[in-house]
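S.K.: So that you have it, the file is data_25.cif, and it contains mmCIF, C-alpha atoms and all ligand atoms:
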data_structure
#
loop_
_atom_site.label_atom_id
_atom_site.label_comp_id
_atom_site.auth_asym_id
_atom_site.auth_seq_id
_atom_site.Cartn_x
_atom_site.Cartn_y
_atom_site.Cartn_z
CA MET A 1 107.41 170.01 35.98
CA ALA A 2 105.37 171.40 38.87
CA PHE A 3 105.12 169.52 42.14
CA ASP A 4 101.97 169.31 44.26
CA LEU A 5 103.82 170.29 47.42
CA LEU A 6 107.30 171.59 48.13
CA LEU A 7 108.68 171.82 51.65
CA ARG A 8 111.71 174.09 51.70
CA ASN A 9 114.81 174.26 53.90
CA ALA A 10 114.26 171.43 56.36
CA SER A 11 116.61 169.72 58.80
CA LEU A 12 116.23 165.95 58.72
CA PRO A 13 116.55 163.46 61.61
CA ASP A 14 119.81 162.10 60.09
CA GLY A 15 121.41 165.54 60.47
CA ARG A 16 121.15 166.81 56.89
CA GLN A 17 120.26 170.50 56.72
CA GLY A 18 118.88 172.84 54.07
CA ILE A 19 116.94 170.04 52.40
CA ASP A 20 113.87 170.46 50.18
CA ILE A 21 111.21 167.75 49.90
CA ALA A 22 109.10 167.70 46.74
CA CYS A 23 105.86 165.69 46.62
CA GLN A 24 103.80 164.53 43.69
CA GLY A 25 100.73 162.27 43.61
CA GLY A 26 100.91 161.52 47.33
CA ARG A 27 104.52 160.30 47.18
CA ILE A 28 107.87 161.96 47.82
CA ALA A 29 109.44 162.76 44.45
CA ALA A 30 112.75 164.29 45.56
CA VAL A 31 114.73 164.97 48.75
CA GLU A 32 117.63 167.29 48.01
CA ALA A 33 118.93 170.82 48.41
CA GLY A 34 117.94 173.60 46.02
CA ILE A 35 114.81 172.29 44.28
CA THR A 36 113.66 175.17 42.06
CA ALA A 37 110.69 173.65 40.23
CA PRO A 38 107.34 175.34 40.92
CA ALA A 39 104.85 173.76 43.28
CA GLY A 40 101.14 174.18 43.94
CA TRP A 41 101.76 174.54 47.66
CA VAL A 42 104.95 175.59 49.45
CA ILE A 43 105.82 175.16 53.13
CA GLU A 44 108.83 177.08 54.43
CA ALA A 45 110.48 174.95 57.11
CA GLY A 46 112.96 177.66 58.03
CA GLY A 47 115.64 175.13 59.02
CA LEU A 48 113.35 173.28 61.43
CA LEU A 49 113.14 169.50 61.76
CA VAL A 50 111.02 167.46 59.39
CA SER A 51 110.47 163.89 60.50
CA PRO A 52 108.54 160.96 59.11
CA PRO A 53 105.31 160.62 61.09
CA PHE A 54 105.24 159.29 64.64
CA VAL A 55 104.26 155.63 64.96
CA ASP A 56 102.71 154.08 68.06
CA SER A 57 103.60 150.39 68.08
CA HIS A 58 101.43 149.49 71.09
CA PHE A 59 98.04 150.89 71.96
CA HIS A 60 94.55 149.90 73.17
CA MET A 61 92.10 151.92 71.12
CA ASP A 62 89.04 149.99 72.31
CA ALA A 63 89.60 151.28 75.85
CA THR A 64 90.93 154.77 75.17
CA LEU A 65 89.17 157.86 76.56
CA SER A 66 86.99 155.68 78.78
CA LEU A 67 88.54 156.99 82.01
CA GLY A 68 86.08 156.79 84.92
CA LEU A 69 83.77 154.29 83.19
CA PRO A 70 82.31 152.70 85.18
CA ARG A 71 84.70 153.81 87.95
CA LEU A 72 88.34 154.76 88.53
CA ASN A 73 91.21 152.32 89.18
CA ARG A 74 91.72 152.67 92.93
CA SER A 75 94.90 150.60 93.43
CA GLY A 76 96.52 151.71 90.17
CA THR A 77 97.56 148.13 89.43
CA LEU A 78 97.50 146.23 86.16
CA LEU A 79 95.25 143.57 87.68
CA GLU A 80 92.62 146.07 88.90
CA GLY A 81 92.80 147.69 85.45
CA ILE A 82 92.01 144.33 83.81
CA ALA A 83 89.16 143.75 86.31
CA LEU A 84 87.82 147.25 85.65
CA TRP A 85 87.92 146.70 81.89
CA GLY A 86 85.97 143.48 82.55
CA GLU A 87 83.29 145.57 84.29
CA LEU A 88 83.16 148.04 81.42
CA LYS A 89 83.07 145.49 78.57
CA PRO A 90 79.39 144.44 78.93
CA LEU A 91 78.42 148.12 78.98
CA LEU A 92 80.22 149.04 75.73
CA THR A 93 78.27 150.00 72.68
CA ARG A 94 79.72 149.93 69.20
CA ALA A 95 78.78 153.57 68.63
CA ALA A 96 80.54 154.72 71.79
CA VAL A 97 83.73 152.77 71.02
CA VAL A 98 83.77 154.14 67.46
CA GLU A 99 83.18 157.69 68.67
CA ARG A 100 85.95 157.56 71.28
CA ALA A 101 88.38 155.96 68.81
CA LEU A 102 87.68 158.58 66.14
CA ARG A 103 88.18 161.35 68.70
CA TYR A 104 91.46 159.78 69.70
CA CYS A 105 92.55 159.56 66.04
CA ASP A 106 91.83 163.31 65.64
CA LEU A 107 94.15 163.93 68.56
CA ALA A 108 96.76 161.58 67.08
CA VAL A 109 96.77 163.34 63.71
CA ALA A 110 97.16 166.71 65.44
CA GLN A 111 100.28 165.29 67.12
CA GLY A 112 101.73 163.91 63.87
CA LEU A 113 100.94 160.34 64.93
CA LEU A 114 99.84 158.74 61.67
CA ALA A 115 100.25 155.00 62.32
CA ILE A 116 99.02 153.03 65.32
CA ARG A 117 99.12 149.33 66.18
CA SER A 118 96.18 148.78 68.50
CA HIS A 119 95.37 145.62 70.38
CA VAL A 120 91.65 144.85 70.40
CA ASP A 121 90.08 142.59 73.01
CA ILE A 122 88.48 139.51 71.45
CA CYS A 123 87.19 137.92 74.68
CA ASP A 124 83.69 139.39 74.37
CA ASP A 125 81.61 136.87 72.36
CA ARG A 126 79.88 139.76 70.60
CA LEU A 127 83.26 140.90 69.17
CA LEU A 128 81.82 144.36 69.59
CA ALA A 129 85.18 146.09 69.98
CA VAL A 130 86.57 144.20 66.99
CA GLU A 131 83.70 145.31 64.78
CA ALA A 132 83.99 148.87 66.06
CA LEU A 133 87.73 149.13 65.41
CA LEU A 134 87.47 147.46 61.99
CA GLU A 135 85.00 150.22 61.12
CA VAL A 136 87.36 152.84 62.54
CA ARG A 137 90.30 151.37 60.58
CA GLU A 138 88.39 151.98 57.34
CA ARG A 139 87.11 155.42 58.31
CA VAL A 140 90.54 156.76 59.27
CA ARG A 141 92.42 155.06 56.40
CA PRO A 142 92.77 158.31 54.38
CA TYR A 143 94.71 159.93 57.22
CA LEU A 144 95.94 157.27 59.64
CA ASP A 145 97.19 153.66 59.36
CA LEU A 146 95.51 151.58 62.03
CA GLN A 147 96.82 148.04 62.46
CA LEU A 148 94.79 145.75 64.71
CA VAL A 149 96.01 142.92 66.95
CA ALA A 150 93.62 140.18 68.10
CA PHE A 151 94.19 140.35 71.85
CA PRO A 152 92.74 137.78 74.27
CA GLN A 153 92.80 140.11 77.30
CA ASP A 154 91.34 137.53 79.71
CA GLY A 155 93.63 134.72 78.51
CA TYR A 156 93.62 132.71 75.27
CA LEU A 157 93.14 129.42 77.15
CA ARG A 158 91.73 130.89 80.36
CA ALA A 159 88.76 132.82 78.94
CA PRO A 160 85.90 130.68 77.66
CA GLY A 161 85.47 131.17 73.92
CA ALA A 162 88.73 133.03 73.34
CA VAL A 163 90.24 130.33 71.10
CA ARG A 164 87.25 130.50 68.75
CA ASN A 165 86.86 134.27 69.05
CA LEU A 166 90.48 134.89 68.06
CA GLU A 167 89.97 132.96 64.81
CA ARG A 168 86.70 134.86 64.20
CA ALA A 169 88.50 138.17 64.67
CA LEU A 170 91.25 137.17 62.22
CA ASP A 171 88.60 135.96 59.73
CA ALA A 172 86.93 139.37 60.04
CA GLY A 173 90.18 141.08 59.02
CA VAL A 174 92.17 141.77 62.19
CA ASP A 175 95.81 142.04 61.09
CA VAL A 176 98.05 140.58 63.81
CA VAL A 177 97.93 137.67 66.30
CA GLY A 178 98.16 138.71 69.96
CA GLY A 179 98.44 136.87 73.26
CA ILE A 180 98.90 137.25 77.01
CA PRO A 181 100.73 134.13 78.25
CA HIS A 182 101.50 135.49 81.75
CA PHE A 183 97.74 135.81 82.41
CA GLU A 184 96.99 132.13 81.67
CA ARG A 185 96.36 129.78 84.60
CA SER A 186 99.86 128.32 84.69
CA MET A 187 103.30 128.74 83.16
CA ALA A 188 102.55 125.57 81.16
CA ASP A 189 99.29 127.01 79.78
CA GLY A 190 101.13 130.23 78.98
CA ALA A 191 103.72 128.32 76.96
CA THR A 192 100.98 126.34 75.21
CA SER A 193 99.19 129.55 74.29
CA VAL A 194 102.39 130.98 72.78
CA ARG A 195 102.85 127.83 70.69
CA MET A 196 99.23 127.74 69.49
CA LEU A 197 99.15 131.46 68.65
CA CYS A 198 102.45 131.38 66.75
CA GLU A 199 101.17 128.37 64.78
CA ILE A 200 98.05 130.35 63.81
CA ALA A 201 100.25 133.25 62.66
CA ALA A 202 102.48 130.87 60.65
CA ALA A 203 99.48 129.21 59.00
CA ARG A 204 97.87 132.53 58.11
CA GLY A 205 101.07 134.41 57.19
CA LEU A 206 100.47 137.04 59.87
CA ARG A 207 102.62 138.97 62.32
CA VAL A 208 102.61 138.28 66.05
CA ASP A 209 102.61 140.82 68.89
CA MET A 210 102.14 139.42 72.36
CA HIS A 211 101.78 141.05 75.72
CA CYS A 212 104.56 138.98 77.21
CA ASP A 213 105.79 138.68 80.79
CA GLU A 214 104.06 141.91 81.82
CA SER A 215 104.81 141.42 85.51
CA ASP A 216 107.57 141.86 88.07
CA ASP A 217 108.01 138.08 88.29
CA PRO A 218 111.72 137.37 87.71
CA LEU A 219 110.87 133.77 86.83
CA SER A 220 108.37 134.54 84.06
CA ARG A 221 109.77 132.80 80.97
CA HIS A 222 107.28 133.38 78.15
CA VAL A 223 109.56 135.50 76.02
CA GLU A 224 111.96 132.54 75.89
CA THR A 225 109.08 130.44 74.53
CA LEU A 226 108.15 133.22 72.11
CA ALA A 227 111.73 133.27 70.78
CA TYR A 228 111.73 129.46 70.57
CA GLU A 229 108.45 129.29 68.61
CA THR A 230 109.53 132.14 66.34
CA GLN A 231 112.68 130.18 65.53
CA ARG A 232 110.88 126.85 65.11
CA LEU A 233 108.21 128.25 62.79
CA GLY A 234 110.53 130.54 60.79
CA LEU A 235 108.68 133.70 61.84
CA HIS A 236 111.87 135.77 62.03
CA GLY A 237 111.25 139.51 61.73
CA ARG A 238 107.48 139.12 62.16
CA VAL A 239 107.21 138.71 65.93
CA ALA A 240 107.24 141.33 68.66
CA GLY A 241 107.22 140.88 72.41
CA SER A 242 105.36 143.72 74.10
CA HIS A 243 106.11 144.99 77.61
CA LEU A 244 108.63 142.25 78.66
CA THR A 245 108.70 143.97 82.05
CA SER A 246 109.76 140.84 83.94
CA MET A 247 113.14 141.14 82.15
CA HIS A 248 113.77 144.10 84.44
CA SER A 249 113.70 141.76 87.43
CA MET A 250 115.31 138.66 85.93
CA ASP A 251 118.60 137.17 86.99
CA ASN A 252 121.42 138.80 85.01
CA TYR A 253 123.05 135.51 84.02
CA TYR A 254 119.76 134.20 82.60
CA VAL A 255 119.17 137.44 80.68
CA SER A 256 122.61 137.19 79.06
CA LYS A 257 121.46 133.93 77.49
CA LEU A 258 117.90 135.11 76.80
CA ILE A 259 118.80 138.23 74.85
CA ALA A 260 121.02 136.19 72.52
CA LEU A 261 118.10 133.80 71.89
CA MET A 262 115.79 136.75 71.16
CA ALA A 263 118.32 138.22 68.72
CA GLU A 264 118.75 134.85 67.01
CA ALA A 265 114.97 134.67 66.47
CA GLY A 266 114.82 138.19 65.05
CA LEU A 267 112.35 139.20 67.75
CA ALA A 268 111.40 142.84 68.18
CA ALA A 269 110.70 144.37 71.58
CA ILE A 270 108.15 147.03 72.48
CA ALA A 271 108.49 148.81 75.81
CA ASN A 272 105.71 151.05 77.08
CA PRO A 273 107.55 153.42 79.40
CA LEU A 274 104.64 155.55 80.66
CA ILE A 275 102.68 152.47 81.66
CA ASN A 276 105.55 150.24 82.79
CA ILE A 277 106.87 152.88 85.19
CA THR A 278 103.43 153.42 86.72
CA LEU A 279 101.99 149.86 86.79
CA GLN A 280 105.05 147.81 87.69
CA GLY A 281 106.71 147.68 91.09
CA ARG A 282 103.33 148.18 92.79
CA HIS A 283 103.90 145.26 95.15
CA ASP A 284 107.31 146.61 96.15
CA THR A 285 107.92 148.73 99.20
CA TYR A 286 111.30 150.43 98.72
CA PRO A 287 113.31 150.30 96.58
CA LYS A 288 110.58 150.12 93.92
CA ARG A 289 111.51 148.51 90.62
CA ARG A 290 111.12 150.57 87.45
CA GLY A 291 109.70 147.58 85.59
CA MET A 292 110.71 148.64 82.08
CA THR A 293 112.48 146.03 79.97
CA ARG A 294 116.21 146.27 79.26
CA VAL A 295 116.08 148.64 76.29
CA PRO A 296 119.80 149.55 75.87
CA GLU A 297 120.88 145.91 76.21
CA LEU A 298 118.27 144.70 73.71
CA ARG A 299 119.32 147.41 71.25
CA ALA A 300 123.00 146.56 71.73
CA ALA A 301 122.19 142.95 70.78
CA GLY A 302 120.70 144.17 67.50
CA LEU A 303 117.00 143.89 68.29
CA THR A 304 114.60 146.49 66.98
CA VAL A 305 113.13 148.20 70.05
CA ALA A 306 110.19 150.60 69.94
CA PHE A 307 108.39 152.63 72.58
CA GLY A 308 104.60 152.40 72.64
CA GLN A 309 102.04 154.50 74.41
CA ASP A 310 99.80 151.59 75.49
CA CYS A 311 97.08 153.63 77.23
CA VAL A 312 95.50 157.07 77.21
CA MET A 313 92.80 157.88 79.77
CA ASP A 314 91.55 154.34 80.33
CA PRO A 315 91.29 151.77 83.16
CA TRP A 316 95.08 151.48 83.35
CA TYR A 317 96.33 155.06 82.93
CA PRO A 318 94.60 158.37 83.68
CA LEU A 319 96.91 160.59 81.59
CA GLY A 320 98.36 160.66 78.06
CA GLY A 321 97.59 162.62 74.94
CA ALA A 322 98.73 160.85 71.74
CA ASP A 323 102.09 162.58 72.11
CA MET A 324 104.83 160.13 71.13
CA LEU A 325 107.47 162.67 72.15
CA ASP A 326 106.10 162.33 75.68
CA VAL A 327 106.56 158.57 75.37
CA ALA A 328 110.13 158.98 74.04
CA HIS A 329 110.89 161.45 76.83
CA MET A 330 109.77 159.00 79.51
CA GLY A 331 111.54 156.05 77.84
CA LEU A 332 114.76 158.03 77.71
CA HIS A 333 114.58 158.76 81.42
CA VAL A 334 113.51 155.33 82.64
CA ALA A 335 116.20 153.58 80.55
CA GLN A 336 118.78 156.25 81.47
CA MET A 337 119.48 156.74 77.74
CA THR A 338 121.10 160.16 78.05
CA GLY A 339 124.07 159.67 75.69
CA LEU A 340 123.66 161.57 72.41
CA ASP A 341 123.24 158.42 70.28
CA ALA A 342 120.94 156.91 72.90
CA MET A 343 118.71 160.01 72.92
CA ARG A 344 118.51 159.89 69.12
CA ALA A 345 117.59 156.20 69.39
CA CYS A 346 114.63 157.21 71.59
CA PHE A 347 113.36 159.34 68.70
CA ASP A 348 113.76 156.35 66.34
CA ALA A 349 111.80 154.23 68.85
CA VAL A 350 108.67 156.31 68.13
CA THR A 351 109.32 156.73 64.38
CA THR A 352 111.45 154.47 62.16
CA ASP A 353 111.94 151.51 64.51
CA ALA A 354 108.24 151.40 65.33
CA ALA A 355 107.44 151.58 61.59
CA ARG A 356 109.74 148.59 60.98
CA ILE A 357 107.90 146.54 63.60
CA LEU A 358 104.53 147.36 62.01
CA GLY A 359 105.95 146.57 58.55
CA LEU A 360 104.67 149.87 57.17
CA GLU A 361 105.00 150.18 53.41
CA GLY A 362 106.42 153.40 51.97
CA TYR A 363 107.48 154.86 55.32
CA GLY A 364 110.36 157.33 55.49
CA LEU A 365 111.80 160.45 53.94
CA HIS A 366 113.11 159.17 50.63
CA PRO A 367 111.97 159.38 47.00
CA GLY A 368 109.15 156.91 46.43
CA ALA A 369 107.96 156.94 50.06
CA HIS A 370 104.50 158.20 50.95
CA ALA A 371 104.44 161.99 51.26
CA ASP A 372 103.79 161.76 55.00
CA PHE A 373 105.80 163.89 57.42
CA VAL A 374 105.73 166.27 60.35
CA LEU A 375 107.29 169.73 60.64
CA LEU A 376 108.39 170.17 64.25
CA GLU A 377 109.25 173.33 66.16
CA ALA A 378 112.73 172.02 66.91
CA ARG A 379 115.94 171.62 64.99
CA THR A 380 117.06 168.14 66.00
CA PRO A 381 115.39 164.94 67.26
CA VAL A 382 116.92 165.48 70.71
CA GLU A 383 115.55 169.01 70.88
CA ALA A 384 112.16 167.69 69.74
CA ILE A 385 112.12 165.25 72.69
CA ARG A 386 113.39 167.85 75.14
CA LEU A 387 110.72 170.41 74.21
CA ARG A 388 107.97 167.93 73.25
CA ALA A 389 108.02 170.13 70.17
CA THR A 390 104.92 171.65 68.62
CA ARG A 391 103.79 169.92 65.42
CA LEU A 392 103.65 172.98 63.17
CA ALA A 393 102.38 171.03 60.17
CA VAL A 394 101.36 167.42 59.62
CA VAL A 395 101.32 166.18 56.03
CA ARG A 396 99.60 163.00 54.85
CA ARG A 397 99.89 161.87 51.21
CA GLY A 398 101.13 165.33 50.22
CA ARG A 399 98.29 167.24 51.90
CA VAL A 400 98.41 169.28 55.11
CA VAL A 401 96.03 167.57 57.58
CA ALA A 402 96.87 169.49 60.75
CA GLU A 403 98.55 172.75 61.68
CA THR A 404 99.42 174.17 65.09
CA ALA A 405 100.64 177.69 65.81
CA PRO A 406 104.22 178.04 67.08
CA ARG A 407 104.63 178.16 70.82
CA THR A 408 105.26 181.74 71.94
CA THR A 409 105.04 183.32 75.34
CA ARG A 410 104.89 187.09 75.88
CA LEU A 411 107.03 188.19 78.79
CA THR A 412 106.77 191.46 80.67
CA LEU A 413 110.04 191.39 82.60
CA PRO A 414 112.22 194.45 83.15
CA GLY A 415 115.16 194.54 80.74
CA ARG A 416 114.31 191.16 79.14
CA PRO A 417 113.02 190.27 75.65
CA GLU A 418 109.25 190.33 75.23
CA ALA A 419 108.82 187.09 73.31
CA LEU A 420 110.03 183.70 74.45
CA SER A 421 109.81 180.91 71.89
CA PRO A 422 111.49 177.49 71.67
CA ALA A 423 113.79 179.00 68.99
CA ALA A 424 115.29 181.13 71.75
CA TYR A 425 116.95 178.03 73.20
CA ALA A 426 120.28 177.05 71.65
CA PRO A 427 120.08 173.57 70.08
CA PRO A 428 122.60 170.99 71.25
CA GLY A 429 125.72 170.85 69.09
FE FE2 B 501 99.12 146.73 76.33
#
Could you write out this structure as structure tokens?

M.R.:
Amino acid sequence: MAFDLLLRNASLPDGRQGIDIACQGGRIAAVEAGITAPAGWVIEAGGLLVSPPFVDSHFHMDATLSLGLPRLNRSGTLLEGIALWGELKPLLTRAAVVERALRYCDLAVAQGLLAIRSHVDICDDRLLAVEALLEVRERVRPYLDLQLVAFPQDGYLRAPGAVRNLERALDAGVDVVGGIPHFERSMADGATSVRMLCEIAAARGLRVDMHCDESDDPLSRHVETLAYETQRLGLHGRVAGSHLTSMHSMDNYYVSKLIALMAEAGLAAIANPLINITLQGRHDTYPKRRGMTRVPELRAAGLTVAFGQDCVMDPWYPLGGADMLDVAHMGLHVAQMTGLDAMRACFDAVTTDAARILGLEGYGLHPGAHADFVLLEARTPVEAIRLRATRLAVVRRGRVVAETAPRTTRLTLPGRPEALSPAAYAPPG
């Protein structure tokens, strides 16, 4: 038989080399060495790394690419970012949000980022951002999986109308229940919001992903409540705590109990290293806290931990570019995950582990999975992170949707080679 697409001589993230991947009808038909059957389209990988697509488990697509509207964040704090977003919200138009989101998705596809979980603010009674991103979700569906989280940015109990608006957003087709307990008026209201939101998710059979304890407050305790409600309502495996930055500052004895409770509840954790390292610790003089949650300890306890991007050119973060290798690179540094297995885990945190948190169907490089993958200009996951490797080809459902030329620099140095490419570097053993 003839395949639609054959990718020849790839290295895989698990270390296998010389592997061919055959695709038929948008799915992977075979992953093995020495496939000889003809194919309509052949990609020569030349021993380079082929990975399943990058997955961003935490993003805000309603705010992306709005940097400078209506002004810049002067203090660089989370709270000024939220205030600034509040200034921008009444000025948003559906067309502008859709246009910015589609532009961002173009960028994402170019970077091999083919699945994104985006929070969408439901506190605006018009639900303008919700309608815009529901439209975007359908428009990008052929090339990108967009999962939406109903996010009460100004507080589920604190913002007038948020309780009703969250139900309206879910009725309209938003996929996941969000929350922001640390932004409610009191710890008690925060705990109540966690309980109410988890009950909604249980009743509707949905997943939960809450901004949880996104502060430097060592006494913030909402992730404990999130684990408790997950356990009580039997939501194991369906609930993620995002940010969890207060865990960085918590008492070590308390954390030793907390992490066990989180593991028992089957909670997943999503750290956002680029944002956590820049927004947290802003009230500190020196030493300044890093503010990222305890990634190695959570992983060691068996939790699934992903790295999200959170923000790109918006009220909270002026940089970013849909590059999940950038995110993995920062996560690796902030968590000091420089052991070989730890570095590989940082690659998983923006691919397979993130996909598990989203519950993506047909994700991976195995027969029967969607024919979605990325050919990187690197030979191993660690090298891909180190070089923020070029995405030479991005394949979605067996079709090439983006190509980028290899990175080459021409040198004119006496007695030295003329061309310098990433392949000139020796890969780690
Ligand atoms: Fe966020």

S.K.: What's the separation between atom CA of Ala29 of chain A and atom CA of Val400 of chain A, in Å to one decimal place?

M.R.: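 Rounded to one decimal, the two atoms are 16.7 Å apart.
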
S.K.: Can you tell me which residues come within 7 Å of ligand FE2 501 (chain B) when counting all atoms listed in the file, ideally as a ChimeraX atom specification?

M.R.: /A:58-60,211,310

S.K.: Please, which residues in segment 47-101 of chain A fall within 9 Å of segment 344-363 of chain A when counting all atoms listed in the file, and what is the closest atom pair and distance in Å to one decimal for each, ordered by chain then residue number, as CSV?

M.R.:
residue,atom,partner,partner_atom,distance
A:Ser51,CA,A:Thr351,CA,8.2
A:Pro52,CA,A:Thr351,CA,6.8
A:Pro53,CA,A:Thr351,CA,6.5
A:Phe54,CA,A:Thr351,CA,4.8
A:Val55,CA,A:Thr351,CA,5.2
A:Asp56,CA,A:Val350,CA,6.4
A:Ser57,CA,A:Ala354,CA,5.5

S.K.: Please report the interatomic distance between atom CA of Thr390 of chain A and atom CA of His329 of chain A in Å with one decimal.

M.R.: 14.4 Å

S.K.: Residues near segment 222-226 of chain A, anyone? I mean within 9 Å using only C-alpha atoms, not counting same-chain ones fewer than 5 positions away, as number ranges by chain.

M.R.: A: 181-182, 187, 190-191, 194-195, 198, 210, 212-213, 231, 239-241, 244, 258-259, 261-262, 265, 267

S.K.: What is the distance between atom CA of Ile200 of chain A and atom CA of Leu133 of chain A, in Å to one decimal?

M.R.: 21.5 Å

S.K.: Which polymer residues, protein or nucleic acid, are no farther than 12 Å from (109.7, 146.8, 94.0), counting all atoms listed in the file, as a list in words?

M.R.: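 Selection result: Ser215, Asp216, Asp217, Pro218, Ser246, His248, Ser249, Ile277, Thr278, Leu279, Gln280, Gly281, Arg282, His283, Asp284, Thr285, Tyr286, Pro287, Lys288, Arg289, Arg290 and Gly291 of chain A.
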